[in-house]
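File shown: final-v6.cif. Contents: mmCIF, C-alpha atoms.
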data_structure
loop_
_atom_site.label_atom_id
_atom_site.label_comp_id
_atom_site.auth_asym_id
_atom_site.auth_seq_id
_atom_site.Cartn_x
_atom_site.Cartn_y
_atom_site.Cartn_z
CA MET E 1 -104.69 -44.59 144.65
CA ALA E 2 -105.66 -47.36 142.26
CA ARG E 3 -102.85 -49.16 140.48
CA SER E 4 -103.06 -49.05 136.70
CA HIS E 5 -103.82 -52.19 134.74
CA LEU E 6 -100.47 -51.81 132.97
CA THR E 7 -98.65 -51.84 136.30
CA LEU E 8 -100.53 -54.97 137.31
CA ALA E 9 -99.71 -56.63 133.98
CA ALA E 10 -96.02 -55.96 134.52
CA LEU E 11 -96.25 -57.49 137.98
CA ALA E 12 -97.98 -60.56 136.56
CA THR E 13 -95.12 -61.29 134.16
CA SER E 14 -92.70 -61.30 137.08
CA ALA E 15 -95.03 -63.43 139.20
CA VAL E 16 -95.62 -66.14 136.58
CA PRO E 17 -92.50 -67.30 134.73
CA GLY E 18 -93.06 -67.54 131.00
CA LEU E 19 -96.31 -65.55 131.02
CA ASP E 20 -96.47 -63.64 127.74
CA VAL E 21 -99.17 -60.98 128.07
CA ALA E 22 -100.79 -59.94 124.81
CA GLY E 23 -103.61 -57.85 126.27
CA VAL E 24 -104.76 -56.35 129.56
CA ALA E 25 -107.89 -54.64 130.82
CA HIS E 26 -109.34 -53.46 134.11
CA PHE E 27 -111.40 -56.12 135.86
CA GLY E 28 -114.38 -55.39 138.08
CA THR E 29 -115.27 -52.00 139.47
CA SER E 30 -112.62 -49.85 141.11
CA GLU E 31 -115.01 -47.72 143.17
CA GLY E 32 -115.49 -49.18 146.62
CA SER E 33 -113.50 -52.31 145.83
CA ASP E 34 -111.02 -53.84 148.24
CA PHE E 35 -108.78 -54.89 145.35
CA ASP E 36 -107.18 -53.53 142.22
CA ALA E 37 -107.60 -56.16 139.55
CA ALA E 38 -106.80 -56.70 135.89
CA LEU E 39 -107.77 -59.33 133.32
CA LEU E 40 -104.79 -60.58 131.33
CA THR E 41 -104.87 -62.30 127.96
CA ALA E 42 -101.80 -64.38 127.22
CA ARG E 43 -100.34 -64.88 123.76
CA ASP E 44 -101.77 -68.42 123.73
CA GLY E 45 -105.28 -67.08 124.41
CA LYS E 46 -105.44 -68.17 128.02
CA HIS E 47 -106.82 -65.68 130.57
CA TRP E 48 -105.49 -64.77 133.99
CA ILE E 49 -106.50 -62.47 136.85
CA ILE E 50 -104.13 -60.41 138.96
CA ARG E 51 -105.38 -58.86 142.20
CA ALA E 52 -103.68 -56.46 144.59
CA PRO E 53 -105.27 -55.64 147.98
CA ARG E 54 -105.99 -52.05 148.93
CA SER E 55 -106.29 -52.55 152.68
CA ALA E 56 -104.97 -54.68 155.51
CA ARG E 57 -108.33 -56.44 155.70
CA ALA E 58 -108.21 -57.29 152.00
CA GLU E 59 -104.64 -58.53 152.34
CA THR E 60 -105.66 -60.85 155.18
CA GLU E 61 -108.59 -62.13 153.12
CA GLN E 62 -106.36 -62.77 150.10
CA SER E 63 -103.81 -64.66 152.19
CA ALA E 64 -106.55 -66.83 153.72
CA ASP E 65 -107.98 -67.50 150.26
CA LEU E 66 -104.56 -68.69 149.09
CA VAL E 67 -104.27 -71.13 152.00
CA ALA E 68 -107.68 -72.55 151.09
CA LEU E 69 -106.91 -72.82 147.37
CA ARG E 70 -103.74 -74.75 148.16
CA ALA E 71 -105.71 -77.07 150.44
CA LEU E 72 -108.11 -77.81 147.59
CA SER E 73 -105.87 -80.34 145.89
CA ALA E 74 -106.40 -81.68 142.39
CA GLY E 75 -108.00 -84.80 143.85
CA VAL E 76 -110.45 -82.79 145.94
CA ARG E 77 -111.35 -80.58 142.97
CA THR E 78 -112.34 -83.58 140.85
CA ARG E 79 -115.25 -84.09 143.27
CA LEU E 80 -116.69 -80.66 142.48
CA PRO E 81 -119.00 -79.98 139.50
CA PHE E 82 -117.50 -76.54 138.95
CA THR E 83 -114.10 -74.88 138.62
CA VAL E 84 -112.09 -73.45 141.49
CA SER E 85 -109.45 -70.87 140.67
CA THR E 86 -105.81 -71.96 140.72
CA PHE E 87 -103.06 -69.83 142.22
CA ALA E 88 -100.31 -69.17 139.69
CA GLY E 89 -97.82 -66.81 141.34
CA GLN E 90 -97.22 -63.67 143.36
CA ALA E 91 -95.12 -60.52 143.19
CA PRO E 92 -94.19 -57.97 145.87
CA LEU E 93 -95.98 -54.64 145.64
CA GLY E 94 -94.89 -52.11 148.24
CA ASN E 95 -95.86 -53.51 151.63
CA THR E 96 -98.19 -56.10 150.15
CA ARG E 97 -98.32 -58.69 147.37
CA ALA E 98 -100.18 -59.06 144.11
CA PHE E 99 -101.51 -62.55 143.36
CA VAL E 100 -102.10 -64.09 139.93
CA TYR E 101 -104.77 -66.72 139.34
CA GLU E 102 -106.04 -68.69 136.39
CA PHE E 103 -109.26 -67.08 135.21
CA VAL E 104 -112.54 -68.88 135.95
CA TYR E 105 -115.14 -68.36 133.23
CA GLY E 106 -118.72 -67.42 133.99
CA ALA E 107 -120.99 -64.50 134.76
CA LYS E 108 -122.11 -63.29 138.17
CA VAL E 109 -125.86 -63.30 138.75
CA SER E 110 -127.62 -61.30 141.46
CA LEU E 111 -130.03 -62.94 143.87
CA GLY E 112 -132.93 -60.87 142.56
CA ALA E 113 -132.29 -61.99 138.97
CA MET E 114 -132.19 -65.72 139.74
CA GLN E 115 -134.99 -67.91 138.45
CA ALA E 116 -136.58 -70.78 140.33
CA GLY E 117 -137.30 -74.32 139.20
CA PRO E 118 -135.67 -77.77 139.01
CA ASP E 119 -133.59 -76.85 135.93
CA SER E 120 -132.74 -73.31 137.01
CA LEU E 121 -129.50 -71.70 138.14
CA SER E 122 -130.91 -71.77 141.68
CA ALA E 123 -131.12 -75.56 141.52
CA SER E 124 -127.60 -75.79 140.09
CA ILE E 125 -126.37 -73.70 143.01
CA GLY E 126 -128.05 -76.05 145.47
CA THR E 127 -126.30 -79.00 143.83
CA ALA E 128 -122.97 -77.16 143.85
CA ILE E 129 -123.25 -76.40 147.57
CA ALA E 130 -124.15 -80.02 148.27
CA ALA E 131 -120.97 -81.09 146.45
CA ILE E 132 -118.88 -78.84 148.71
CA HIS E 133 -120.55 -80.29 151.80
CA SER E 134 -119.91 -83.84 150.57
CA LEU E 135 -116.13 -83.38 150.42
CA PRO E 136 -114.03 -85.36 152.91
CA THR E 137 -113.31 -83.28 156.00
CA SER E 138 -109.81 -84.68 156.42
CA PHE E 139 -108.15 -82.33 153.93
CA VAL E 140 -109.40 -79.30 155.88
CA ALA E 141 -107.94 -80.59 159.13
CA ASP E 142 -104.70 -81.57 157.38
CA ALA E 143 -104.34 -77.97 156.13
CA GLY E 144 -104.68 -76.62 159.66
CA LEU E 145 -107.96 -74.86 158.87
CA PRO E 146 -110.73 -74.53 161.50
CA VAL E 147 -112.77 -77.60 162.38
CA LEU E 148 -115.88 -76.75 164.43
CA THR E 149 -118.26 -79.14 166.14
CA ALA E 150 -122.01 -78.53 166.24
CA GLY E 151 -121.65 -77.30 169.81
CA GLU E 152 -118.90 -74.87 168.86
CA SER E 153 -121.02 -73.53 165.99
CA LEU E 154 -123.85 -72.89 168.43
CA ARG E 155 -121.56 -71.19 170.94
CA ALA E 156 -120.20 -68.89 168.23
CA ALA E 157 -123.76 -67.88 167.32
CA VAL E 158 -124.68 -67.31 170.96
CA THR E 159 -121.65 -65.06 171.36
CA VAL E 160 -122.90 -62.85 168.53
CA MET E 161 -126.37 -62.80 170.10
CA ASP E 162 -125.04 -61.80 173.51
CA ARG E 163 -122.76 -59.09 172.16
CA ALA E 164 -125.56 -57.64 170.05
CA ALA E 165 -128.00 -57.73 172.97
CA ALA E 166 -125.43 -55.91 175.13
CA THR E 167 -125.71 -52.87 172.83
CA ALA E 168 -129.34 -52.47 173.98
CA LEU E 169 -130.24 -51.79 170.34
CA VAL E 170 -131.73 -55.18 169.46
CA PRO E 171 -135.54 -55.33 169.85
CA ALA E 172 -136.64 -57.62 172.69
CA ALA E 173 -138.77 -59.67 170.28
CA LEU E 174 -135.70 -60.58 168.24
CA THR E 175 -133.61 -61.39 171.29
CA ALA E 176 -136.30 -63.75 172.53
CA ARG E 177 -136.67 -65.33 169.09
CA TRP E 178 -132.96 -66.00 168.78
CA GLU E 179 -132.66 -67.33 172.33
CA LYS E 180 -135.48 -69.78 171.68
CA ALA E 181 -133.71 -71.00 168.53
CA ALA E 182 -130.43 -71.40 170.39
CA GLU E 183 -132.15 -73.43 173.11
CA ASP E 184 -133.81 -75.82 170.63
CA ALA E 185 -131.62 -78.92 170.93
CA LYS E 186 -133.08 -80.56 167.81
CA LEU E 187 -132.08 -77.57 165.72
CA TRP E 188 -128.41 -78.18 166.51
CA GLN E 189 -128.24 -81.91 165.90
CA PHE E 190 -126.25 -81.97 162.69
CA GLN E 191 -123.06 -83.43 161.27
CA PRO E 192 -120.46 -80.73 160.50
CA THR E 193 -119.28 -80.70 156.89
CA VAL E 194 -116.75 -78.93 154.73
CA ILE E 195 -118.14 -75.45 154.09
CA ASN E 196 -117.00 -72.49 152.02
CA GLY E 197 -118.08 -70.26 154.91
CA ALA E 198 -118.44 -67.03 152.93
CA LEU E 199 -121.01 -67.76 150.23
CA THR E 200 -123.30 -65.07 148.85
CA ALA E 201 -125.17 -64.95 145.56
CA SER E 202 -122.18 -63.16 143.99
CA SER E 203 -119.87 -66.05 144.92
CA PHE E 204 -121.21 -68.08 142.01
CA LEU E 205 -120.24 -67.85 138.36
CA SER E 206 -122.62 -69.30 135.80
CA ALA E 207 -123.30 -70.02 132.16
CA ASP E 208 -126.49 -71.46 130.63
CA ASP E 209 -128.16 -71.70 134.06
CA ALA E 210 -125.38 -73.86 135.50
CA VAL E 211 -122.69 -73.05 138.04
CA THR E 212 -119.27 -72.83 136.38
CA GLY E 213 -117.21 -71.59 139.31
CA VAL E 214 -117.24 -70.54 142.95
CA LEU E 215 -115.18 -67.60 144.18
CA GLY E 216 -113.91 -66.61 147.64
CA TRP E 217 -112.61 -69.50 149.73
CA GLN E 218 -111.02 -67.47 152.54
CA ASP E 219 -113.34 -68.96 155.20
CA LEU E 220 -112.98 -72.62 154.16
CA ARG E 221 -113.48 -74.83 157.20
CA VAL E 222 -115.47 -77.68 158.70
CA GLY E 223 -118.61 -76.30 160.29
CA ASP E 224 -122.36 -75.87 160.03
CA PRO E 225 -123.57 -76.45 156.45
CA ALA E 226 -126.41 -73.99 157.05
CA ARG E 227 -123.91 -71.13 156.91
CA ASP E 228 -123.45 -71.72 153.17
CA LEU E 229 -127.21 -71.53 152.58
CA GLN E 230 -128.23 -68.48 154.59
CA TRP E 231 -127.83 -66.04 151.67
CA ALA E 232 -130.80 -67.61 149.81
CA ILE E 233 -133.32 -67.29 152.63
CA SER E 234 -134.69 -63.86 151.68
CA ASN E 235 -136.14 -65.04 148.34
CA ASN E 236 -138.67 -67.82 148.96
CA SER E 237 -138.86 -69.13 145.39
CA VAL E 238 -135.09 -69.17 144.97
CA ALA E 239 -134.63 -70.69 148.42
CA ASP E 240 -137.10 -73.48 147.61
CA SER E 241 -135.15 -74.40 144.47
CA VAL E 242 -131.77 -74.20 146.24
CA PHE E 243 -132.86 -76.31 149.20
CA ASP E 244 -134.77 -78.82 147.08
CA ALA E 245 -131.74 -79.45 144.86
CA TYR E 246 -129.48 -79.52 147.91
CA SER E 247 -131.69 -82.13 149.60
CA ARG E 248 -131.86 -84.27 146.46
CA ALA E 249 -128.07 -84.30 146.27
CA ARG E 250 -127.40 -84.93 149.98
CA GLY E 251 -130.50 -86.80 151.06
CA ALA E 252 -132.21 -86.30 154.40
CA THR E 253 -128.96 -85.90 156.29
CA ASP E 254 -129.87 -82.61 157.98
CA ARG E 255 -133.59 -81.96 158.39
CA GLN E 256 -133.08 -78.68 160.26
CA VAL E 257 -130.61 -77.03 157.87
CA ARG E 258 -133.11 -74.50 156.53
CA GLN E 259 -134.15 -73.41 160.02
CA ARG E 260 -130.55 -72.77 161.01
CA ALA E 261 -129.94 -70.93 157.74
CA MET E 262 -132.79 -68.60 158.71
CA PHE E 263 -131.21 -68.11 162.12
CA TYR E 264 -127.81 -67.27 160.63
CA ALA E 265 -129.36 -64.91 158.08
CA GLU E 266 -130.91 -62.86 160.86
CA LEU E 267 -127.70 -62.87 162.89
CA GLU E 268 -125.91 -61.26 159.93
CA VAL E 269 -127.81 -58.07 160.76
CA ALA E 270 -126.62 -58.36 164.36
CA LYS E 271 -123.06 -58.63 163.06
CA TRP E 272 -123.60 -55.49 160.98
CA LEU E 273 -124.77 -53.70 164.15
CA LEU E 274 -121.66 -54.87 166.01
CA HIS E 275 -119.45 -53.65 163.18
CA GLY E 276 -121.04 -50.23 163.46
CA THR E 277 -120.69 -50.01 167.22
CA GLU E 278 -117.10 -51.27 167.21
CA THR E 279 -116.02 -48.77 164.55
CA ARG E 280 -118.19 -45.99 166.04
CA ASN E 281 -119.88 -45.56 162.68
CA THR E 282 -123.28 -44.03 163.43
CA GLU E 283 -124.41 -44.46 159.82
CA VAL E 284 -123.86 -48.22 160.00
CA VAL E 285 -125.49 -48.42 163.44
CA ASP E 286 -128.56 -46.55 162.24
CA ASP E 287 -128.76 -48.77 159.16
CA ALA E 288 -128.55 -51.93 161.30
CA VAL E 289 -131.16 -50.68 163.74
CA GLN E 290 -133.50 -49.94 160.85
CA MET E 291 -133.02 -53.46 159.48
CA LEU E 292 -133.59 -54.99 162.92
CA THR E 293 -136.84 -53.04 163.18
CA GLY E 294 -137.78 -54.37 159.75
CA LEU E 295 -137.12 -57.91 160.95
CA VAL E 296 -139.50 -57.40 163.85
CA ASP E 297 -142.16 -56.07 161.50
CA ASN E 298 -141.79 -59.12 159.27
CA ILE E 299 -141.76 -61.82 161.92
CA ARG E 300 -144.56 -60.12 163.96
CA ASN E 301 -143.94 -62.26 166.99
CA ASP E 302 -142.21 -65.46 167.95
CA VAL E 303 -145.39 -67.39 168.61
CA MET E 304 -146.93 -66.78 165.20
CA ASN E 305 -143.73 -66.91 163.17
CA PRO E 306 -140.96 -69.00 164.78
CA ILE E 307 -137.73 -69.84 163.02
CA GLY E 308 -138.65 -72.85 160.90
CA THR E 309 -139.27 -74.14 157.41
CA GLN E 310 -142.53 -72.18 157.10
CA THR E 311 -141.01 -68.87 158.24
CA MET E 312 -141.57 -66.03 155.83
CA PRO E 313 -138.50 -64.20 154.47
CA THR E 314 -137.08 -61.79 157.02
CA MET E 315 -135.74 -59.29 154.49
CA ALA E 316 -136.75 -58.50 150.94
CA VAL E 317 -134.35 -59.49 148.16
CA ASP E 318 -133.39 -55.92 147.32
CA GLU E 319 -132.74 -55.20 151.00
CA VAL E 320 -130.44 -58.24 151.27
CA GLU E 321 -128.44 -57.32 148.18
CA ALA E 322 -128.03 -53.73 149.40
CA PHE E 323 -126.99 -55.03 152.83
CA VAL E 324 -124.43 -57.43 151.34
CA ALA E 325 -122.97 -54.65 149.19
CA ARG E 326 -122.61 -52.39 152.21
CA SER E 327 -121.08 -55.04 154.45
CA GLU E 328 -118.59 -56.20 151.80
CA LYS E 329 -117.28 -52.63 151.56
CA ALA E 330 -116.96 -52.27 155.33
CA VAL E 331 -113.44 -51.79 156.60
#
How does this structure look as structure tokens?
Amino acid sequence: MARSHLTLAALATSAVPGLDVAGVAHFGTSEGSDFDAALLTARDGKHWIIRAPRSARAETEQSADLVALRALSAGVRTRLPFTVSTFAGQAPLGNTRAFVYEFVYGAKVSLGAMQAGPDSLSASIGTAIAAIHSLPTSFVADAGLPVLTAGESLRAAVTVMDRAAATALVPAALTARWEKAAEDAKLWQFQPTVINGALTASSFLSADDAVTGVLGWQDLRVGDPARDLQWAISNNSVADSVFDAYSRARGATDRQVRQRAMFYAELEVAKWLLHGTETRNTEVVDDAVQMLTGLVDNIRNDVMNPIGTQTMPTMAVDEVEAFVARSEKAV
């Protein structure tokens, strides 16, 4: 049962000493959400968000997000051209906890609604991602968060490939395509960077075609920068603007980043298949199999359409957004 916004407001006042709530409203959509959330307006006009997890998975995600937010010190945040939410307090709620954060202003924009071009939101997102990847890696290690080498990133991807192939539900053409990418040594010659690790189009908040904030830091780590760019691959015009701005900001430090982003984007469907098989959810399995078949139809064959900068999008924009919505609701 969803907690009322009034209950959440009362919790917020106990979580944040001195918080004087003048107004409260539901925040986000309750249906299918992993969190109950409310937007609070303080007497001084400042806004806050309180979130309470609805599941064990959401609680784990919220706890990981808190660790990351604490690792992002004031000094680190000054290097970013956008706002990162600040943890303000917590209050017990049954067997879990409700967390209060300072509100980050901006509107969410879907991938399909993004415009392309050097002065577009897509370009601003590319610059924002580049800023994350330019952060010093030391603060991540100091916080005890994961630090992966290029080899470890490859091994993690191969593990997903092998597990998916073991289901006997992945088309042979895709298995061969992914194996060829994994065996391409040049593809995996990159310098690991700080990455958010969980970026999708909905991670970004914007105003006037500029990124104002980035949400969801629960997978903060040092790893493959391509993981933060995979979400853009399905929309060629958006991807071009994102990668162009990213390259301008970072220079030619990773010439194969777009190829690996393509690889990771396709492996997300394999992960969806594994989720379905592990939870014995035939609906999810059927959905994943259908998407894998669609991938084969789009790539045609490995010889004509290898993973690379000229590869056509593997899924349409609307298919990606529907897939992301389904996977984010998965328990």
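Going from CA of Thr193 in chain E to CA of Thr175 in chain E covers 28.0 Å.
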List every protein, DNA or RNA residue that has at least one atom no more than 12 Å from (-107.8, -73.2, 150.2) in the file's coordinates, counting all atoms listed in the file, and write the result as a PyMOL selection string. chain E and resi 61-74+76-77+84-87+139-146+194-197+215-221
With all atoms listed in the file as the atoms that count, which of E:Arg54, E:Tyr101, E:Lys271, E:Ala245 lies nearest to Met161 in chain E?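 Under the stated criterion, the closest residue is E:Lys271.
One finds CA of Tyr264 in chain E at 23.8 Å from CA of Thr282 in chain E.
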Exactly which residues make up the result of the PyMOL selection byres ((chain E and resi 160) around 12) on this file, given as a JSON list (two decimals) with C-alpha atoms, in the coordinates of the input?
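Full text of expr-v7.json as output:
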[["chain", "number", "residue", "atom", "x", "y", "z"],
["E", 153, "SER", "CA", -121.02, -73.53, 165.99],
["E", 154, "LEU", "CA", -123.85, -72.89, 168.43],
["E", 155, "ARG", "CA", -121.56, -71.19, 170.94],
["E", 156, "ALA", "CA", -120.20, -68.89, 168.23],
["E", 157, "ALA", "CA", -123.76, -67.88, 167.32],
["E", 158, "VAL", "CA", -124.68, -67.31, 170.96],
["E", 159, "THR", "CA", -121.65, -65.06, 171.36],
["E", 161, "MET", "CA", -126.37, -62.80, 170.10],
["E", 162, "ASP", "CA", -125.04, -61.80, 173.51],
["E", 163, "ARG", "CA", -122.76, -59.09, 172.16],
["E", 164, "ALA", "CA", -125.56, -57.64, 170.05],
["E", 165, "ALA", "CA", -128.00, -57.73, 172.97],
["E", 166, "ALA", "CA", -125.43, -55.91, 175.13],
["E", 167, "THR", "CA", -125.71, -52.87, 172.83],
["E", 170, "VAL", "CA", -131.73, -55.18, 169.46],
["E", 175, "THR", "CA", -133.61, -61.39, 171.29],
["E", 178, "TRP", "CA", -132.96, -66.00, 168.78],
["E", 179, "GLU", "CA", -132.66, -67.33, 172.33],
["E", 182, "ALA", "CA", -130.43, -71.40, 170.39],
["E", 263, "PHE", "CA", -131.21, -68.11, 162.12],
["E", 264, "TYR", "CA", -127.81, -67.27, 160.63],
["E", 266, "GLU", "CA", -130.91, -62.86, 160.86],
["E", 267, "LEU", "CA", -127.70, -62.87, 162.89],
["E", 268, "GLU", "CA", -125.91, -61.26, 159.93],
["E", 269, "VAL", "CA", -127.81, -58.07, 160.76],
["E", 270, "ALA", "CA", -126.62, -58.36, 164.36],
["E", 271, "LYS", "CA", -123.06, -58.63, 163.06],
["E", 272, "TRP", "CA", -123.60, -55.49, 160.98],
["E", 273, "LEU", "CA", -124.77, -53.70, 164.15],
["E", 274, "LEU", "CA", -121.66, -54.87, 166.01],
["E", 275, "HIS", "CA", -119.45, -53.65, 163.18]]
Hits of the PyMOL selection byres ((chain E and resi 89-92) around 12) in this structure, as a PDB file with C-alpha atoms, keeping the file's coordinate frame:
ATOM      1  CA  THR E   7     -98.650 -51.840 136.300  1.00  0.00           C
ATOM      2  CA  LEU E   8    -100.530 -54.970 137.310  1.00  0.00           C
ATOM      3  CA  ALA E   9     -99.710 -56.630 133.980  1.00  0.00           C
ATOM      4  CA  ALA E  10     -96.020 -55.960 134.520  1.00  0.00           C
ATOM      5  CA  LEU E  11     -96.250 -57.490 137.980  1.00  0.00           C
ATOM      6  CA  ALA E  12     -97.980 -60.560 136.560  1.00  0.00           C
ATOM      7  CA  THR E  13     -95.120 -61.290 134.160  1.00  0.00           C
ATOM      8  CA  SER E  14     -92.700 -61.300 137.080  1.00  0.00           C
ATOM      9  CA  ALA E  15     -95.030 -63.430 139.200  1.00  0.00           C
ATOM     10  CA  VAL E  16     -95.620 -66.140 136.580  1.00  0.00           C
ATOM     11  CA  PRO E  17     -92.500 -67.300 134.730  1.00  0.00           C
ATOM     12  CA  GLY E  18     -93.060 -67.540 131.000  1.00  0.00           C
ATOM     13  CA  LEU E  19     -96.310 -65.550 131.020  1.00  0.00           C
ATOM     14  CA  TRP E  48    -105.490 -64.770 133.990  1.00  0.00           C
ATOM     15  CA  ILE E  49    -106.500 -62.470 136.850  1.00  0.00           C
ATOM     16  CA  ILE E  50    -104.130 -60.410 138.960  1.00  0.00           C
ATOM     17  CA  ARG E  51    -105.380 -58.860 142.200  1.00  0.00           C
ATOM     18  CA  ALA E  52    -103.680 -56.460 144.590  1.00  0.00           C
ATOM     19  CA  PRO E  53    -105.270 -55.640 147.980  1.00  0.00           C
ATOM     20  CA  GLN E  62    -106.360 -62.770 150.100  1.00  0.00           C
ATOM     21  CA  SER E  63    -103.810 -64.660 152.190  1.00  0.00           C
ATOM     22  CA  LEU E  66    -104.560 -68.690 149.090  1.00  0.00           C
ATOM     23  CA  THR E  86    -105.810 -71.960 140.720  1.00  0.00           C
ATOM     24  CA  PHE E  87    -103.060 -69.830 142.220  1.00  0.00           C
ATOM     25  CA  ALA E  88    -100.310 -69.170 139.690  1.00  0.00           C
ATOM     26  CA  LEU E  93     -95.980 -54.640 145.640  1.00  0.00           C
ATOM     27  CA  GLY E  94     -94.890 -52.110 148.240  1.00  0.00           C
ATOM     28  CA  ASN E  95     -95.860 -53.510 151.630  1.00  0.00           C
ATOM     29  CA  THR E  96     -98.190 -56.100 150.150  1.00  0.00           C
ATOM     30  CA  ARG E  97     -98.320 -58.690 147.370  1.00  0.00           C
ATOM     31  CA  ALA E  98    -100.180 -59.060 144.110  1.00  0.00           C
ATOM     32  CA  PHE E  99    -101.510 -62.550 143.360  1.00  0.00           C
ATOM     33  CA  VAL E 100    -102.100 -64.090 139.930  1.00  0.00           C
ATOM     34  CA  TYR E 101    -104.770 -66.720 139.340  1.00  0.00           C
ATOM     35  CA  GLU E 102    -106.040 -68.690 136.390  1.00  0.00           C
TER      36      GLU E 102
END
For this file, the PyMOL selection byres ((chain E and resi 117-134) around 9) selects which residues, as a PyMOL selection string? chain E and resi 79-82+114-116+135-137+192-196+204+206-211+214+222+225+228-229+237-250
Quick one: residues within 7 Å of Ser202 in chain E, only C-alpha atoms, excluding same-chain residues fewer than 4 positions away - as a list in words? Lys108, Val109 and Ser110 of chain E
What separation in Å, quoted to one decimal, exists between CA of Arg280 in chain E and CA of Ile299 in chain E?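 About the pair CA of Arg280 in chain E and CA of Ile299 in chain E: they are 28.7 Å apart.
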Hey, which of E:Leu6, E:Ile307, E:Ala38, E:Val21 ends up closest to Ala176 in chain E? Count all atoms listed in the file. E:Ile307
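With all atoms listed in the file as the basis for measurement, E:Val289 is the residue among E:Val289, E:Ala37, E:Ala201, E:Gly23 that approaches Thr277 in chain E most closely.
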Nearest to Ser55 in chain E by atom-to-atom distance, counting all atoms listed in the file, from E:Thr149, E:Asn235, E:Ser33, E:Thr293: E:Ser33
What would range 265-270 of chain E look like with all heavy atoms in place, written as a short mmCIF file (atom, residue, chain, number, x, y, z; two decimals), keeping the file's coordinate frame?
data_model
loop_
_atom_site.label_atom_id
_atom_site.label_comp_id
_atom_site.auth_asym_id
_atom_site.auth_seq_id
_atom_site.Cartn_x
_atom_site.Cartn_y
_atom_site.Cartn_z
N ALA E 265 -129.05 -66.06 158.92
CA ALA E 265 -129.36 -64.91 158.08
C ALA E 265 -129.75 -63.71 158.94
O ALA E 265 -129.36 -62.57 158.67
CB ALA E 265 -130.47 -65.25 157.09
N GLU E 266 -130.52 -63.95 159.97
CA GLU E 266 -130.91 -62.86 160.86
C GLU E 266 -129.74 -62.37 161.70
O GLU E 266 -129.61 -61.16 161.96
CB GLU E 266 -132.07 -63.32 161.74
CG GLU E 266 -133.33 -63.62 160.94
CD GLU E 266 -134.51 -64.04 161.80
OE1 GLU E 266 -134.42 -63.92 163.04
OE2 GLU E 266 -135.53 -64.47 161.23
N LEU E 267 -128.86 -63.28 162.10
CA LEU E 267 -127.70 -62.87 162.89
C LEU E 267 -126.72 -62.03 162.09
O LEU E 267 -125.91 -61.29 162.66
CB LEU E 267 -126.97 -64.10 163.44
CG LEU E 267 -127.58 -64.79 164.66
CD1 LEU E 267 -126.60 -65.83 165.21
CD2 LEU E 267 -127.93 -63.79 165.75
N GLU E 268 -126.77 -62.11 160.75
CA GLU E 268 -125.91 -61.26 159.93
C GLU E 268 -126.21 -59.79 160.18
O GLU E 268 -125.30 -58.95 160.14
CB GLU E 268 -126.08 -61.59 158.45
CG GLU E 268 -125.42 -62.88 158.01
CD GLU E 268 -123.91 -62.87 158.24
OE1 GLU E 268 -123.25 -61.96 157.71
OE2 GLU E 268 -123.42 -63.75 158.96
N VAL E 269 -127.46 -59.46 160.46
CA VAL E 269 -127.81 -58.07 160.76
C VAL E 269 -127.23 -57.68 162.12
O VAL E 269 -126.77 -56.55 162.32
CB VAL E 269 -129.34 -57.87 160.73
CG1 VAL E 269 -129.67 -56.39 160.92
CG2 VAL E 269 -129.92 -58.38 159.42
N ALA E 270 -127.24 -58.62 163.06
CA ALA E 270 -126.62 -58.36 164.36
C ALA E 270 -125.12 -58.10 164.20
O ALA E 270 -124.55 -57.22 164.87
CB ALA E 270 -126.86 -59.54 165.30
#
